[in-house]
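Enquirer: File input_15.pdb below, PDB, C-alpha atoms, pLDDT in the B column:
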ATOM      1  CA  MET A   1     252.712 292.688 204.430  1.00 44.00           C
ATOM      2  CA  THR A   2     249.583 291.519 206.217  1.00 58.00           C
ATOM      3  CA  ALA A   3     246.472 293.638 206.345  1.00 62.00           C
ATOM      4  CA  HIS A   4     245.062 294.589 209.724  1.00 67.00           C
ATOM      5  CA  VAL A   5     241.756 292.787 210.284  1.00 70.00           C
ATOM      6  CA  LYS A   6     239.078 294.774 212.087  1.00 75.00           C
ATOM      7  CA  ASP A   7     237.464 292.828 214.956  1.00 83.00           C
ATOM      8  CA  LYS A   8     239.897 289.927 214.784  1.00 90.00           C
ATOM      9  CA  ASP A   9     238.709 288.654 218.172  1.00 92.00           C
ATOM     10  CA  ALA A  10     235.103 288.630 216.978  1.00 93.00           C
ATOM     11  CA  PHE A  11     236.014 286.604 213.884  1.00 93.00           C
ATOM     12  CA  GLN A  12     237.909 284.144 216.079  1.00 94.00           C
ATOM     13  CA  ARG A  13     234.866 283.805 218.306  1.00 95.00           C
ATOM     14  CA  LEU A  14     232.592 283.225 215.302  1.00 95.00           C
ATOM     15  CA  ASN A  15     234.996 280.586 214.024  1.00 95.00           C
ATOM     16  CA  PHE A  16     235.052 278.880 217.434  1.00 96.00           C
ATOM     17  CA  LEU A  17     231.242 278.797 217.646  1.00 97.00           C
ATOM     18  CA  TYR A  18     230.980 277.328 214.139  1.00 96.00           C
ATOM     19  CA  GLN A  19     233.545 274.638 214.943  1.00 96.00           C
ATOM     20  CA  ALA A  20     231.858 273.906 218.280  1.00 96.00           C
ATOM     21  CA  ALA A  21     228.529 273.337 216.518  1.00 96.00           C
ATOM     22  CA  HIS A  22     230.234 270.887 214.151  1.00 95.00           C
ATOM     23  CA  CYS A  23     231.929 269.039 217.023  1.00 96.00           C
ATOM     24  CA  VAL A  24     228.685 268.741 219.015  1.00 95.00           C
ATOM     25  CA  LEU A  25     226.887 267.153 216.071  1.00 94.00           C
ATOM     26  CA  ALA A  26     229.848 264.908 215.243  1.00 93.00           C
ATOM     27  CA  GLN A  27     229.962 263.485 218.774  1.00 95.00           C
ATOM     28  CA  ASN A  28     226.203 263.185 219.309  1.00 94.00           C
ATOM     29  CA  PRO A  29     223.872 263.720 216.312  1.00 92.00           C
ATOM     30  CA  GLU A  30     220.895 263.814 218.719  1.00 92.00           C
ATOM     31  CA  ASN A  31     222.140 267.053 220.319  1.00 93.00           C
ATOM     32  CA  VAL A  32     220.779 269.422 217.660  1.00 94.00           C
ATOM     33  CA  GLY A  33     219.613 271.962 220.254  1.00 94.00           C
ATOM     34  CA  LEU A  34     223.117 272.828 221.473  1.00 96.00           C
ATOM     35  CA  ALA A  35     224.436 273.152 217.908  1.00 95.00           C
ATOM     36  CA  ARG A  36     221.472 275.390 217.086  1.00 96.00           C
ATOM     37  CA  PHE A  37     222.293 277.564 220.120  1.00 97.00           C
ATOM     38  CA  TYR A  38     225.911 277.954 218.942  1.00 97.00           C
ATOM     39  CA  CYS A  39     224.805 278.912 215.422  1.00 96.00           C
ATOM     40  CA  HIS A  40     222.196 281.355 216.753  1.00 96.00           C
ATOM     41  CA  THR A  41     224.854 282.995 218.964  1.00 96.00           C
ATOM     42  CA  GLN A  42     227.182 283.207 215.967  1.00 96.00           C
ATOM     43  CA  LYS A  43     224.494 284.851 213.850  1.00 95.00           C
ATOM     44  CA  THR A  44     223.618 287.310 216.645  1.00 95.00           C
ATOM     45  CA  ILE A  45     227.251 288.371 217.120  1.00 95.00           C
ATOM     46  CA  SER A  46     227.796 288.931 213.405  1.00 94.00           C
ATOM     47  CA  LYS A  47     224.626 291.047 213.181  1.00 94.00           C
ATOM     48  CA  ARG A  48     225.471 293.102 216.255  1.00 95.00           C
ATOM     49  CA  LEU A  49     229.013 293.875 215.073  1.00 94.00           C
ATOM     50  CA  VAL A  50     227.960 294.167 211.388  1.00 93.00           C
ATOM     51  CA  LEU A  51     230.431 291.541 210.199  1.00 92.00           C
ATOM     52  CA  ARG A  52     230.094 289.674 206.926  1.00 90.00           C
ATOM     53  CA  GLN A  53     230.387 285.934 207.076  1.00 90.00           C
ATOM     54  CA  ASP A  54     231.800 283.860 204.266  1.00 88.00           C
ATOM     55  CA  PRO A  55     229.109 282.556 201.873  1.00 87.00           C
ATOM     56  CA  SER A  56     230.238 278.971 202.468  1.00 88.00           C
ATOM     57  CA  VAL A  57     229.471 279.406 206.180  1.00 93.00           C
ATOM     58  CA  LYS A  58     226.136 281.130 205.578  1.00 92.00           C
ATOM     59  CA  ARG A  59     225.007 278.354 203.244  1.00 91.00           C
ATOM     60  CA  THR A  60     225.445 275.740 205.964  1.00 94.00           C
ATOM     61  CA  ILE A  61     223.228 277.506 208.514  1.00 95.00           C
ATOM     62  CA  CYS A  62     219.435 277.513 208.247  1.00 95.00           C
ATOM     63  CA  LYS A  63     218.012 281.035 208.023  1.00 94.00           C
ATOM     64  CA  ARG A  64     214.794 280.158 209.812  1.00 95.00           C
ATOM     65  CA  CYS A  65     215.824 277.982 212.778  1.00 94.00           C
ATOM     66  CA  CYS A  66     219.639 278.566 212.878  1.00 94.00           C
ATOM     67  CA  SER A  67     220.464 274.851 212.836  1.00 95.00           C
ATOM     68  CA  LEU A  68     223.651 273.623 211.215  1.00 94.00           C
ATOM     69  CA  LEU A  69     222.836 271.942 207.895  1.00 95.00           C
ATOM     70  CA  LEU A  70     224.791 268.690 207.751  1.00 94.00           C
ATOM     71  CA  PRO A  71     223.796 266.138 205.094  1.00 94.00           C
ATOM     72  CA  GLY A  72     222.027 263.121 206.573  1.00 92.00           C
ATOM     73  CA  ILE A  73     221.929 264.522 210.114  1.00 93.00           C
ATOM     74  CA  THR A  74     220.045 267.814 210.017  1.00 94.00           C
ATOM     75  CA  ALA A  75     219.451 268.253 206.273  1.00 95.00           C
ATOM     76  CA  THR A  76     218.720 266.390 203.080  1.00 96.00           C
ATOM     77  CA  ILE A  77     220.578 267.331 199.926  1.00 95.00           C
ATOM     78  CA  ARG A  78     219.247 266.462 196.477  1.00 95.00           C
ATOM     79  CA  GLN A  79     220.316 267.209 192.924  1.00 93.00           C
ATOM     80  CA  ARG A  80     217.411 268.328 190.706  1.00 91.00           C
ATOM     81  CA  ARG A  81     216.909 269.554 187.161  1.00 90.00           C
ATOM     82  CA  HIS A  82     214.705 272.587 186.620  1.00 84.00           C
ATOM     83  CA  TYR A  83     214.208 273.876 183.071  1.00 89.00           C
ATOM     84  CA  GLY A  84     217.453 272.293 181.943  1.00 85.00           C
ATOM     85  CA  GLN A  85     219.504 273.728 184.816  1.00 87.00           C
ATOM     86  CA  ARG A  86     221.045 271.618 187.542  1.00 90.00           C
ATOM     87  CA  ARG A  87     220.216 272.707 191.073  1.00 92.00           C
ATOM     88  CA  THR A  88     221.245 271.609 194.540  1.00 93.00           C
ATOM     89  CA  VAL A  89     218.261 271.527 196.897  1.00 95.00           C
ATOM     90  CA  VAL A  90     219.018 271.603 200.634  1.00 95.00           C
ATOM     91  CA  ARG A  91     216.096 270.948 203.016  1.00 97.00           C
ATOM     92  CA  CYS A  92     216.348 271.521 206.772  1.00 96.00           C
ATOM     93  CA  LEU A  93     214.924 268.580 208.737  1.00 94.00           C
ATOM     94  CA  SER A  94     214.105 270.757 211.767  1.00 93.00           C
ATOM     95  CA  CYS A  95     211.903 273.432 210.209  1.00 94.00           C
ATOM     96  CA  GLY A  96     211.483 272.288 206.593  1.00 94.00           C
ATOM     97  CA  LEU A  97     213.054 275.358 204.960  1.00 95.00           C
ATOM     98  CA  THR A  98     214.326 274.642 201.444  1.00 96.00           C
ATOM     99  CA  LYS A  99     217.320 276.364 199.837  1.00 93.00           C
ATOM    100  CA  ARG A 100     218.091 276.061 196.130  1.00 92.00           C
ATOM    101  CA  PHE A 101     221.494 276.737 194.602  1.00 88.00           C
ATOM    102  CA  LEU A 102     222.480 276.657 190.944  1.00 87.00           C
ATOM    103  CA  ASN A 103     224.903 273.869 190.209  1.00 86.00           C
ATOM    104  CA  ASN A 104     226.945 275.643 187.533  1.00 82.00           C
ATOM    105  CA  PRO A 105     230.644 274.633 187.707  1.00 81.00           C
ATOM    106  CA  ASN A 106     231.729 277.860 185.954  1.00 84.00           C
ATOM    107  CA  TYR A 107     229.892 280.156 188.391  1.00 80.00           C
ATOM    108  CA  LYS A 108     231.929 282.242 190.827  1.00 81.00           C
ATOM    109  CA  LEU A 109     230.601 284.247 193.746  1.00 79.00           C
ATOM    110  CA  TRP A 110     231.161 288.010 193.527  1.00 78.00           C
ATOM    111  CA  ALA A 111     233.468 287.886 196.539  1.00 76.00           C
ATOM    112  CA  GLU A 112     235.717 285.392 194.713  1.00 79.00           C
ATOM    113  CA  GLN A 113     236.022 287.425 191.494  1.00 83.00           C
ATOM    114  CA  LEU A 114     239.041 289.623 190.806  1.00 81.00           C
ATOM    115  CA  GLU A 115     236.875 292.713 190.224  1.00 80.00           C
ATOM    116  CA  ALA A 116     235.629 292.526 193.811  1.00 77.00           C
ATOM    117  CA  LEU A 117     239.069 293.108 195.306  1.00 75.00           C
ATOM    118  CA  LEU A 118     239.825 296.693 196.229  1.00 71.00           C
ATOM    119  CA  GLU A 119     243.403 296.441 194.951  1.00 71.00           C
ATOM    120  CA  ASN A 120     242.107 295.752 191.424  1.00 69.00           C
ATOM    121  CA  GLN A 121     239.834 298.811 191.263  1.00 70.00           C
ATOM    122  CA  PRO A 122     240.988 301.557 188.868  1.00 70.00           C
ATOM    123  CA  LYS A 123     242.272 304.779 190.415  1.00 66.00           C
ATOM    124  CA  SER A 124     239.585 306.866 188.686  1.00 61.00           C
ATOM    125  CA  ALA A 125     236.860 304.903 190.480  1.00 52.00           C
ATOM    126  CA  GLN A 126     237.962 306.336 193.818  1.00 51.00           C
ATOM    127  CA  SER A 127     236.012 309.163 195.369  1.00 56.00           C
ATOM    128  CA  PRO A 128     237.086 312.766 194.663  1.00 56.00           C
ATOM    129  CA  ASN A 129     238.085 313.314 198.307  1.00 60.00           C
ATOM    130  CA  VAL A 130     240.580 310.461 198.129  1.00 58.00           C
ATOM    131  CA  GLN A 131     242.009 311.813 194.879  1.00 60.00           C
ATOM    132  CA  GLN A 132     242.391 315.293 196.392  1.00 62.00           C
ATOM    133  CA  THR A 133     244.224 313.974 199.440  1.00 61.00           C
ATOM    134  CA  GLN A 134     246.533 311.921 197.217  1.00 61.00           C
ATOM    135  CA  GLN A 135     247.340 315.016 195.140  1.00 63.00           C
ATOM    136  CA  LYS A 136     248.050 317.044 198.312  1.00 60.00           C
ATOM    137  CA  GLU A 137     250.381 314.304 199.558  1.00 60.00           C
ATOM    138  CA  LYS A 138     252.271 314.357 196.249  1.00 59.00           C
ATOM    139  CA  LYS A 139     252.662 318.169 196.481  1.00 60.00           C
ATOM    140  CA  ASN A 140     253.931 317.875 200.064  1.00 59.00           C
ATOM    141  CA  VAL A 141     256.488 315.276 199.030  1.00 52.00           C
ATOM    142  CA  LYS A 142     257.686 317.464 196.144  1.00 55.00           C
ATOM    143  CA  SER A 143     258.002 320.547 198.375  1.00 54.00           C
ATOM    144  CA  ASP A 144     259.914 318.546 200.998  1.00 53.00           C
ATOM    145  CA  THR A 145     262.465 317.353 198.460  1.00 53.00           C
ATOM    146  CA  LYS A 146     263.282 320.921 197.192  1.00 51.00           C
TER     147      LYS A 146
END
Spell out the structure here as structure tokens.

Expert:
Amino acid sequence: MTAHVKDKDAFQRLNFLYQAAHCVLAQNPENVGLARFYCHTQKTISKRLVLRQDPSVKRTICKRCCSLLLPGITATIRQRRHYGQRRTVVRCLSCGLTKRFLNNPNYKLWAEQLEALLENQPKSAQSPNVQQTQQKEKKNVKSDTK
């Protein structure tokens, strides 16, 4: 059974804009402006419709200038040590913004953890209104079977 995705057309459009930005830079690395326009449009659409983008997509777009961060073309990527921890440092070549990410192989994003999935939440964690409606539905089923 597949779950119904809200705003499926909007997600398809966001995906198209992201892929178009990649294709523009792959064909002509000098055309950063058009790729930046596609990424800015993507960011604007997701804000307007209040849609969450995948963290892997958000990490490849500069927060300041909306350019696509591709290693060697629009960004530099370095591995650094800071107080014994490994970090990945991504620097945008357009605006100079620096992003730092921990380089821990055992780390998982919250969205990727099992506790984040709604199906794995315990029944008692649901709101009282949901529990009341479930109890009413059970009573209606029992009365219908008598």

Enquirer: Expressed in Å to a single decimal, how great is the separation between atom CA of Thr76 of chain A and atom CA of Cys62 of chain A?

Expert: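 According to the coordinates, atom CA of Thr76 of chain A and atom CA of Cys62 of chain A are separated by 12.3 Å.
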
Enquirer: Report the centre and edge lengths, in Å to one decimal, of an axis-aligned box enclosing every atom of segment 48-53 of chain A listed in the file, padded by 4 Å on each side, as lines of an AutoDock Vina configuration file.

Expert:
center_x = 228.0
center_y = 290.1
center_z = 211.6
size_x = 13.0
size_y = 16.2
size_z = 17.3

Enquirer: Between atom CA of Arg86 of chain A and atom CA of Asn103 of chain A, what is the distance in Å, rounded to a tenth?

Expert: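 A separation of 5.2 Å between them.
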
Enquirer: Carefully work through the PyMOL selection byres ((chain A and resi 11) around 12) for this structure and note down the residues it includes, as a PyMOL selection string.

Expert: chain A and resi 5-10+12-18+42-43+45-46+49-54

Enquirer: For the selection you just gave me, I'd like the residues written to a file as a PDB file, in the coordinates of the input, keeping C-alpha atoms.

Expert:
ATOM      1  CA  VAL A   5     241.756 292.787 210.284  1.00 70.00           C
ATOM      2  CA  LYS A   6     239.078 294.774 212.087  1.00 75.00           C
ATOM      3  CA  ASP A   7     237.464 292.828 214.956  1.00 83.00           C
ATOM      4  CA  LYS A   8     239.897 289.927 214.784  1.00 90.00           C
ATOM      5  CA  ASP A   9     238.709 288.654 218.172  1.00 92.00           C
ATOM      6  CA  ALA A  10     235.103 288.630 216.978  1.00 93.00           C
ATOM      7  CA  GLN A  12     237.909 284.144 216.079  1.00 94.00           C
ATOM      8  CA  ARG A  13     234.866 283.805 218.306  1.00 95.00           C
ATOM      9  CA  LEU A  14     232.592 283.225 215.302  1.00 95.00           C
ATOM     10  CA  ASN A  15     234.996 280.586 214.024  1.00 95.00           C
ATOM     11  CA  PHE A  16     235.052 278.880 217.434  1.00 96.00           C
ATOM     12  CA  LEU A  17     231.242 278.797 217.646  1.00 97.00           C
ATOM     13  CA  TYR A  18     230.980 277.328 214.139  1.00 96.00           C
ATOM     14  CA  GLN A  42     227.182 283.207 215.967  1.00 96.00           C
ATOM     15  CA  LYS A  43     224.494 284.851 213.850  1.00 95.00           C
ATOM     16  CA  ILE A  45     227.251 288.371 217.120  1.00 95.00           C
ATOM     17  CA  SER A  46     227.796 288.931 213.405  1.00 94.00           C
ATOM     18  CA  LEU A  49     229.013 293.875 215.073  1.00 94.00           C
ATOM     19  CA  VAL A  50     227.960 294.167 211.388  1.00 93.00           C
ATOM     20  CA  LEU A  51     230.431 291.541 210.199  1.00 92.00           C
ATOM     21  CA  ARG A  52     230.094 289.674 206.926  1.00 90.00           C
ATOM     22  CA  GLN A  53     230.387 285.934 207.076  1.00 90.00           C
ATOM     23  CA  ASP A  54     231.800 283.860 204.266  1.00 88.00           C
TER      24      ASP A  54
END

Enquirer: Rank A:Arg48, A:Arg59, A:His82, A:Pro71 by their smallest atom-to-atom distance to Leu25 of chain A, using only C-alpha atoms, and report the top residue only.

Expert: A:Pro71

Enquirer: One number please: atom CA of Val32 of chain A to atom CA of Arg87 of chain A, in Å, one decimal.

Expert: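 If I compute the distance from atom CA of Val32 of chain A to atom CA of Arg87 of chain A, I get 26.8 Å.
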
Enquirer: With only C-alpha atoms as the counted atoms, please give the residues lying no more than 12 Å from Asn31 of chain A, apart from itself and same-chain residues fewer than 5 positions off, as a list in words.

Expert: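 Returned residues: Ala21, His22, Cys23, Val24, Leu25, Ala26, Arg36, Phe37, Tyr38, Ser67, Leu68, Ile73 and Thr74 of chain A.
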
Enquirer: Pick the closest to Ala75 of chain A from A:Lys58, A:Lys63, A:Leu93, A:Ala20: which is it, counting only C-alpha atoms?

Expert: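 Among the listed residues, A:Leu93 lies closest to Ala75 of chain A.
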
Enquirer: List, as an MDAnalysis selection string, every residue that the PyMOL selection byres ((chain A and resi 64) around 10) selects in the file provided.

Expert: chainID A and resid 61:63 65:67 92 94:97

Enquirer: Can you work out which one of A:Leu117, A:Phe101, A:Ala35, A:Tyr83 has the shortest atom-to-atom distance to Leu69 of chain A, counting only C-alpha atoms?

Expert: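 Selected residue with least distance to Leu69 of chain A: A:Ala35.
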
Enquirer: Let me make sure I understand: among A:Asn28, A:Asn104, A:Thr98, A:Thr60, which one has the smallest atom-to-atom distance to Arg81 of chain A if we use all atoms listed in the file?

Expert: A:Asn104

Enquirer: Would you write out, as JSON, numbers by chain, every residue that the PyMOL selection byres ((chain A and resi 78) around 8) captures in this file?

Expert: {"A": [76, 77, 79, 80, 88, 89, 90]}

Enquirer: Looking at only C-alpha atoms, which of A:Lys108, A:Thr44, A:Leu70, A:Ser56 is the one that sits closest to Pro29 of chain A?

Expert: A:Leu70

Enquirer: Have a look at A:Leu34, A:Gln85, A:His40, A:Pro55 and name the one nearest to Glu112 of chain A; count only C-alpha atoms.

Expert: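 When distances to Glu112 of chain A are compared using only C-alpha atoms, the smallest one comes from A:Pro55.
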
Enquirer: Provide segment 66-84 of chain A rebuilt to N, CA, C and O atoms, formatted as a CSV table (one decimal), in the frame of the given file.

Expert:
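Writing done, so here's rebuild.csv:
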chain,number,residue,atom,x,y,z
A,66,CYS,N,218.2,278.5,212.5
A,66,CYS,CA,219.6,278.6,212.9
A,66,CYS,C,220.3,277.2,213.2
A,66,CYS,O,221.3,277.2,213.9
A,67,SER,N,219.8,276.1,212.6
A,67,SER,CA,220.5,274.9,212.8
A,67,SER,C,221.5,274.7,211.8
A,67,SER,O,221.4,275.2,210.7
A,68,LEU,N,222.6,273.9,212.1
A,68,LEU,CA,223.7,273.6,211.2
A,68,LEU,C,223.2,272.6,210.2
A,68,LEU,O,222.7,271.5,210.6
A,69,LEU,N,223.3,272.8,208.9
A,69,LEU,CA,222.8,271.9,207.9
A,69,LEU,C,223.9,270.9,207.5
A,69,LEU,O,224.8,271.2,206.7
A,70,LEU,N,223.9,269.8,208.1
A,70,LEU,CA,224.8,268.7,207.8
A,70,LEU,C,224.0,267.6,207.0
A,70,LEU,O,223.0,267.1,207.5
A,71,PRO,N,224.5,267.2,205.9
A,71,PRO,CA,223.8,266.1,205.1
A,71,PRO,C,223.6,264.8,205.9
A,71,PRO,O,224.5,264.3,206.5
A,72,GLY,N,222.4,264.4,205.9
A,72,GLY,CA,222.0,263.1,206.6
A,72,GLY,C,221.7,263.3,208.0
A,72,GLY,O,221.2,262.4,208.7
A,73,ILE,N,222.2,264.3,208.7
A,73,ILE,CA,221.9,264.5,210.1
A,73,ILE,C,220.8,265.6,210.3
A,73,ILE,O,219.8,265.3,211.0
A,74,THR,N,221.0,266.8,209.8
A,74,THR,CA,220.0,267.8,210.0
A,74,THR,C,219.5,268.3,208.7
A,74,THR,O,218.7,269.2,208.7
A,75,ALA,N,219.9,267.8,207.6
A,75,ALA,CA,219.5,268.3,206.3
A,75,ALA,C,219.5,267.1,205.2
A,75,ALA,O,220.2,266.2,205.4
A,76,THR,N,218.6,267.3,204.2
A,76,THR,CA,218.7,266.4,203.1
A,76,THR,C,219.2,267.2,201.9
A,76,THR,O,218.8,268.4,201.7
A,77,ILE,N,220.1,266.6,201.1
A,77,ILE,CA,220.6,267.3,199.9
A,77,ILE,C,220.3,266.5,198.7
A,77,ILE,O,220.6,265.3,198.7
A,78,ARG,N,219.6,267.1,197.7
A,78,ARG,CA,219.2,266.5,196.5
A,78,ARG,C,219.7,267.3,195.3
A,78,ARG,O,219.9,268.5,195.4
A,79,GLN,N,220.0,266.6,194.2
A,79,GLN,CA,220.3,267.2,192.9
A,79,GLN,C,219.1,267.1,192.0
A,79,GLN,O,218.5,266.1,191.8
A,80,ARG,N,218.6,268.3,191.5
A,80,ARG,CA,217.4,268.3,190.7
A,80,ARG,C,217.7,269.1,189.4
A,80,ARG,O,218.6,269.9,189.3
A,81,ARG,N,216.9,268.8,188.4
A,81,ARG,CA,216.9,269.6,187.2
A,81,ARG,C,215.7,270.4,187.1
A,81,ARG,O,214.6,269.9,187.4
A,82,HIS,N,215.8,271.7,186.7
A,82,HIS,CA,214.7,272.6,186.6
A,82,HIS,C,214.9,273.4,185.4
A,82,HIS,O,215.8,274.2,185.3
A,83,TYR,N,214.1,273.2,184.4
A,83,TYR,CA,214.2,273.9,183.1
A,83,TYR,C,215.6,273.7,182.5
A,83,TYR,O,216.2,274.7,182.0
A,84,GLY,N,216.2,272.5,182.5
A,84,GLY,CA,217.5,272.3,181.9
A,84,GLY,C,218.6,272.7,182.8
A,84,GLY,O,219.8,272.5,182.4
